[in-house]
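**Student:** Before anything else, here's the structure in question.
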Amino acid sequence: MPFTTGADNIRLYYEEAGRGTPIVFLHGFTLDHRMWTAQKEYFSKQYRVIVHDSRGHGKSDAPPTNYSRDTRVEDLRMTLDQLGIDRCHLVGLSMGGSTGILFALKYPERLRSLALVSTGAAGWNVGKKISKLDEVAKSKGKQAALEQWLEWSMQWYKGKEQFRAIAQLMEEIMRDHSGAIWADPLRGKYPRMTDLEHVHKIKVPTLIMAGELDRVFVPLAKELHKKIEGSRYIMYPGVGHMINLEIPERFNGELGEWVG
C-alpha cells in the first residue's frame, strides 16, 4: 500500500489518481480518504488527485500522542515533498479545512488555491459536545467516546431515506477510526491560536463552501469570508455538513469551476 512518512516517522496512507495539476483533499474528523471517492473519480479525469488519511485515521498509523494541528500541517508538507508536489489546490472539509487554514498561513507558496468546505477553525466554539466526548473517553475509554460521537453524527441522517447510502458509508468509516486521539495524554494541552485573528493574512485564492443547515459552521464561514480578502463564498440551501456527499454533482461542478 502507498504511504508517505510523517513528522515523527509514522506512516501516512494515501491514494492518487490521474495526471496534471495536483489537487489534495483533506478529510474530516474520524473520517478518511473514502469520503472523497466521488471527487477522486471526477477530478482525476483532468487533475492529479491525492487523498490521504490523517494520522490516527483510516490506514495511517495511530501513534499514542502528537495529534496537534501543527503536526497535521507538517505531515501534509512532508507528504507533498515526498510526492514531488511543489504547489497544489488544497480542499479540506471540517477538520481538513482547519488544517488547510494553518497550512495556508505557514506555507502559502505551496498553494494554488484553498477550498474550505464546512470548515472548522482554531478558536471557534463548536459547542460542548467535544468536551463531553473527552470526559467520556477519560471515564469509559476511547471506544465509548467513539460510540457517542457516532451516535451524535448519525442523528442528522436518521429517517432520511435519501441519505441512507451516505449514513452507511460514514458509519463504516467512523467504526474503522482508531480513537487514538482521545487517548492522547496531551489532548487539550497543545498550543492554541484563534484563526479569525490571523486569516486576513491568507492571500491565496480561497473558496468557502457551507451548507445552510450546518448551523455551527455557517457563522464561521461568513466570518472567514469577511476576513479573507477576495474570497468566494457559496451557501447551499437545504444542505448539511457533508456537502460533497449530499450534493456531489453540484459540489464537483462548482469546485471544478473554481480550480479551473
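Identifiers in the C-alpha cells: chain A, B, ... in order shown; residue index from 1 per chain; ligand index from 1 in order shown.
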Which residues are close to Tyr13 in chain A, i.e. within 12 Å by only C-alpha atoms, leaving aside same-chain residues fewer than 6 positions away? Reply as a VMD selection string.

**Tutor:** chain A and resid 1 to 6 32 to 34 50 to 62 75 to 76 79

**Student:** Can you tell me, as a PyMOL selection string, which residues in range 21-152 of chain A count as alpha helix (DSSP H) by DSSP?

**Tutor:** chain A and resi 37-43+69-82+95-106+129-140+142-152

**Student:** Save the residues we just selected, C-alpha atoms, as a CSV table (one decimal), in the first residue's frame?

**Tutor:**
chain,number,residue,atom,x,y,z
A,37,THR,CA,-14.3,8.7,-3.6
A,38,ALA,CA,-16.7,10.5,-5.9
A,39,GLN,CA,-14.3,13.5,-6.1
A,40,LYS,CA,-11.3,11.3,-6.8
A,41,GLU,CA,-13.2,9.7,-9.7
A,42,TYR,CA,-14.5,13.0,-11.1
A,43,PHE,CA,-11.3,15.2,-10.8
A,69,ARG,CA,-3.0,20.6,14.2
A,70,ASP,CA,0.6,21.8,13.8
A,71,THR,CA,1.7,18.2,13.4
A,72,ARG,CA,-1.1,17.6,10.8
A,73,VAL,CA,0.3,20.5,8.8
A,74,GLU,CA,3.8,19.2,8.9
A,75,ASP,CA,2.5,15.7,7.9
A,76,LEU,CA,0.9,17.4,4.9
A,77,ARG,CA,4.0,19.4,4.0
A,78,MET,CA,6.2,16.2,4.1
A,79,THR,CA,3.6,14.3,2.1
A,80,LEU,CA,3.7,17.0,-0.6
A,81,ASP,CA,7.5,16.9,-0.6
A,82,GLN,CA,7.7,13.1,-0.9
A,95,MET,CA,-11.0,19.2,10.4
A,96,GLY,CA,-9.4,19.1,7.0
A,97,GLY,CA,-10.4,22.8,6.4
A,98,SER,CA,-8.9,23.8,9.7
A,99,THR,CA,-5.6,22.0,8.7
A,100,GLY,CA,-5.8,23.9,5.4
A,101,ILE,CA,-6.2,27.3,7.1
A,102,LEU,CA,-3.0,26.8,9.1
A,103,PHE,CA,-1.2,25.3,6.1
A,104,ALA,CA,-2.1,28.4,4.1
A,105,LEU,CA,-0.8,30.7,6.8
A,106,LYS,CA,2.5,28.8,7.2
A,129,LYS,CA,-20.1,18.1,22.7
A,130,ILE,CA,-16.3,17.8,22.1
A,131,SER,CA,-15.5,18.4,25.7
A,132,LYS,CA,-18.2,15.9,26.7
A,133,LEU,CA,-16.5,13.4,24.4
A,134,ASP,CA,-13.2,13.9,26.2
A,135,GLU,CA,-15.0,13.3,29.5
A,136,VAL,CA,-16.4,10.1,28.2
A,137,ALA,CA,-13.0,9.0,27.0
A,138,LYS,CA,-11.5,9.6,30.4
A,139,SER,CA,-14.2,7.8,32.3
A,140,LYS,CA,-15.1,5.0,29.9
A,142,LYS,CA,-11.8,5.8,23.7
A,143,GLN,CA,-14.2,3.2,22.3
A,144,ALA,CA,-17.1,4.6,24.4
A,145,ALA,CA,-16.2,8.1,23.1
A,146,LEU,CA,-16.2,6.8,19.5
A,147,GLU,CA,-19.7,5.3,20.0
A,148,GLN,CA,-21.0,8.5,21.5
A,149,TRP,CA,-19.5,10.5,18.6
A,150,LEU,CA,-21.0,8.1,16.1
A,151,GLU,CA,-24.5,8.4,17.7
A,152,TRP,CA,-24.3,12.2,17.5

**Student:** Just the strand (DSSP E) stuff from range 183-255 of chain A, please, per backbone DSSP, written as a ChimeraX atom specification.

**Tutor:** /A:206-211,232-236

**Student:** Store the residues picked out above, limited to N, CA and C atoms, as a compact mmCIF listing (two decimals), in the first residue's frame.

**Tutor:**
# COMPACT_ATOMS: atom_id res chain seq x y z
N THR A 206 -9.19 31.82 -2.27
CA THR A 206 -9.88 30.99 -1.28
C THR A 206 -11.37 30.89 -1.58
N LEU A 207 -11.85 29.66 -1.62
CA LEU A 207 -13.27 29.36 -1.79
C LEU A 207 -13.80 28.81 -0.48
N ILE A 208 -14.94 29.34 -0.03
CA ILE A 208 -15.56 28.91 1.22
C ILE A 208 -16.94 28.37 0.90
N MET A 209 -17.20 27.12 1.29
CA MET A 209 -18.47 26.46 0.96
C MET A 209 -19.13 25.99 2.25
N ALA A 210 -20.42 26.28 2.40
CA ALA A 210 -21.13 25.90 3.63
C ALA A 210 -22.55 25.48 3.29
N GLY A 211 -23.06 24.50 4.03
CA GLY A 211 -24.44 24.08 3.89
C GLY A 211 -25.33 24.88 4.83
N ARG A 232 -14.29 33.74 -2.15
CA ARG A 232 -15.61 33.49 -2.71
C ARG A 232 -16.39 32.62 -1.73
N TYR A 233 -17.66 32.93 -1.53
CA TYR A 233 -18.49 32.21 -0.56
C TYR A 233 -19.70 31.61 -1.26
N ILE A 234 -19.92 30.31 -1.07
CA ILE A 234 -21.09 29.65 -1.64
C ILE A 234 -21.89 29.02 -0.50
N MET A 235 -23.16 29.38 -0.41
CA MET A 235 -24.08 28.79 0.56
C MET A 235 -25.01 27.83 -0.17
N TYR A 236 -25.18 26.61 0.38
CA TYR A 236 -26.01 25.60 -0.25
C TYR A 236 -27.31 25.43 0.54

**Student:** Out of A:Gly159, A:Gly123, A:Pro205, A:Gly141, which residue has the shortest atom-to-atom distance to Leu90 in chain A when counting only C-alpha atoms?

**Tutor:**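 Nearest to Leu90 in chain A: A:Pro205.
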
**Student:** List as a PyMOL selection string the protein and nucleic acid residues near His241 in chain A, meaning an atom at most 9 Å away when only C-alpha atoms are counted, but skip any in the same chain fewer than 3 places from it.

**Tutor:** chain A and resi 93-94+117-118+210-215+217+244+246

**Student:** Just to confirm, what's the straight-line distance from CA of Val91 in chain A to CA of Ile202 in chain A in Å (one decimal)?

**Tutor:**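 The value is 14.9 Å.
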
**Student:** Show which residues sit within 10 Å of Arg187 in chain A, as a ChimeraX atom specification. Count only C-alpha atoms, and ignore same-chain residues fewer than 5 positions away.

**Tutor:** /A:65-68,134,181-182

**Student:** Restricting the calculation to only C-alpha atoms: of A:Val204, A:Leu255, A:Met170, A:Leu220, which residue gets closest to Pro108 in chain A?

**Tutor:** A:Val204

**Student:** Which neighbours of Val199 in chain A fall inside 8 Å, counting only C-alpha atoms, when residues of the same chain fewer than 2 positions from it are skipped, and could you give them as a list in words?

**Tutor:**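 Once the adjacent positions are removed, what remains is Ile101, Leu105, Asp195, Leu196, Glu197, Lys201, Ile202, Leu224, Lys227 and Ile228 of chain A.
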
**Student:** Using N, CA and C atoms, can you export the residues from the last selection as a PDB file, in the first residue's frame?

**Tutor:**
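That gives us out.pdb:
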ATOM      1  N   ILE A 101      -6.345  25.885   6.706  1.00  0.00           N
ATOM      2  CA  ILE A 101      -6.163  27.273   7.132  1.00  0.00           C
ATOM      3  C   ILE A 101      -4.751  27.489   7.647  1.00  0.00           C
ATOM      4  N   LEU A 105      -1.479  29.635   6.070  1.00  0.00           N
ATOM      5  CA  LEU A 105      -0.774  30.672   6.822  1.00  0.00           C
ATOM      6  C   LEU A 105       0.728  30.400   6.890  1.00  0.00           C
ATOM      7  N   ASP A 195      -7.913  31.474  14.876  1.00  0.00           N
ATOM      8  CA  ASP A 195      -7.716  31.673  13.439  1.00  0.00           C
ATOM      9  C   ASP A 195      -8.285  32.992  12.933  1.00  0.00           C
ATOM     10  N   LEU A 196      -9.418  33.411  13.481  1.00  0.00           N
ATOM     11  CA  LEU A 196     -10.047  34.628  12.970  1.00  0.00           C
ATOM     12  C   LEU A 196      -9.186  35.871  13.192  1.00  0.00           C
ATOM     13  N   GLU A 197      -8.183  35.764  14.059  1.00  0.00           N
ATOM     14  CA  GLU A 197      -7.257  36.880  14.255  1.00  0.00           C
ATOM     15  C   GLU A 197      -6.143  36.888  13.213  1.00  0.00           C
ATOM     16  N   LYS A 201      -4.389  37.297   6.749  1.00  0.00           N
ATOM     17  CA  LYS A 201      -3.068  37.169   6.121  1.00  0.00           C
ATOM     18  C   LYS A 201      -3.085  36.198   4.941  1.00  0.00           C
ATOM     19  N   ILE A 202      -4.164  35.425   4.800  1.00  0.00           N
ATOM     20  CA  ILE A 202      -4.252  34.471   3.691  1.00  0.00           C
ATOM     21  C   ILE A 202      -4.486  35.235   2.391  1.00  0.00           C
ATOM     22  N   LEU A 224     -15.128  34.021   8.012  1.00  0.00           N
ATOM     23  CA  LEU A 224     -13.933  33.785   7.201  1.00  0.00           C
ATOM     24  C   LEU A 224     -14.020  34.548   5.884  1.00  0.00           C
ATOM     25  N   LYS A 227     -13.137  38.125   6.359  1.00  0.00           N
ATOM     26  CA  LYS A 227     -11.761  38.418   6.746  1.00  0.00           C
ATOM     27  C   LYS A 227     -10.722  38.020   5.696  1.00  0.00           C
ATOM     28  N   ILE A 228     -11.055  37.078   4.822  1.00  0.00           N
ATOM     29  CA  ILE A 228     -10.103  36.667   3.781  1.00  0.00           C
ATOM     30  C   ILE A 228     -10.412  37.457   2.518  1.00  0.00           C
TER      31      ILE A 228
END

**Student:** Using only C-alpha atoms, which residue out of A:Val216, A:Ile173, A:Ile243, A:Ala183 lies closest to Leu31 in chain A?

**Tutor:**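 Checking each of A:Val216, A:Ile173, A:Ile243, A:Ala183 against Leu31 in chain A, counting only C-alpha atoms, the winner is A:Ile173.
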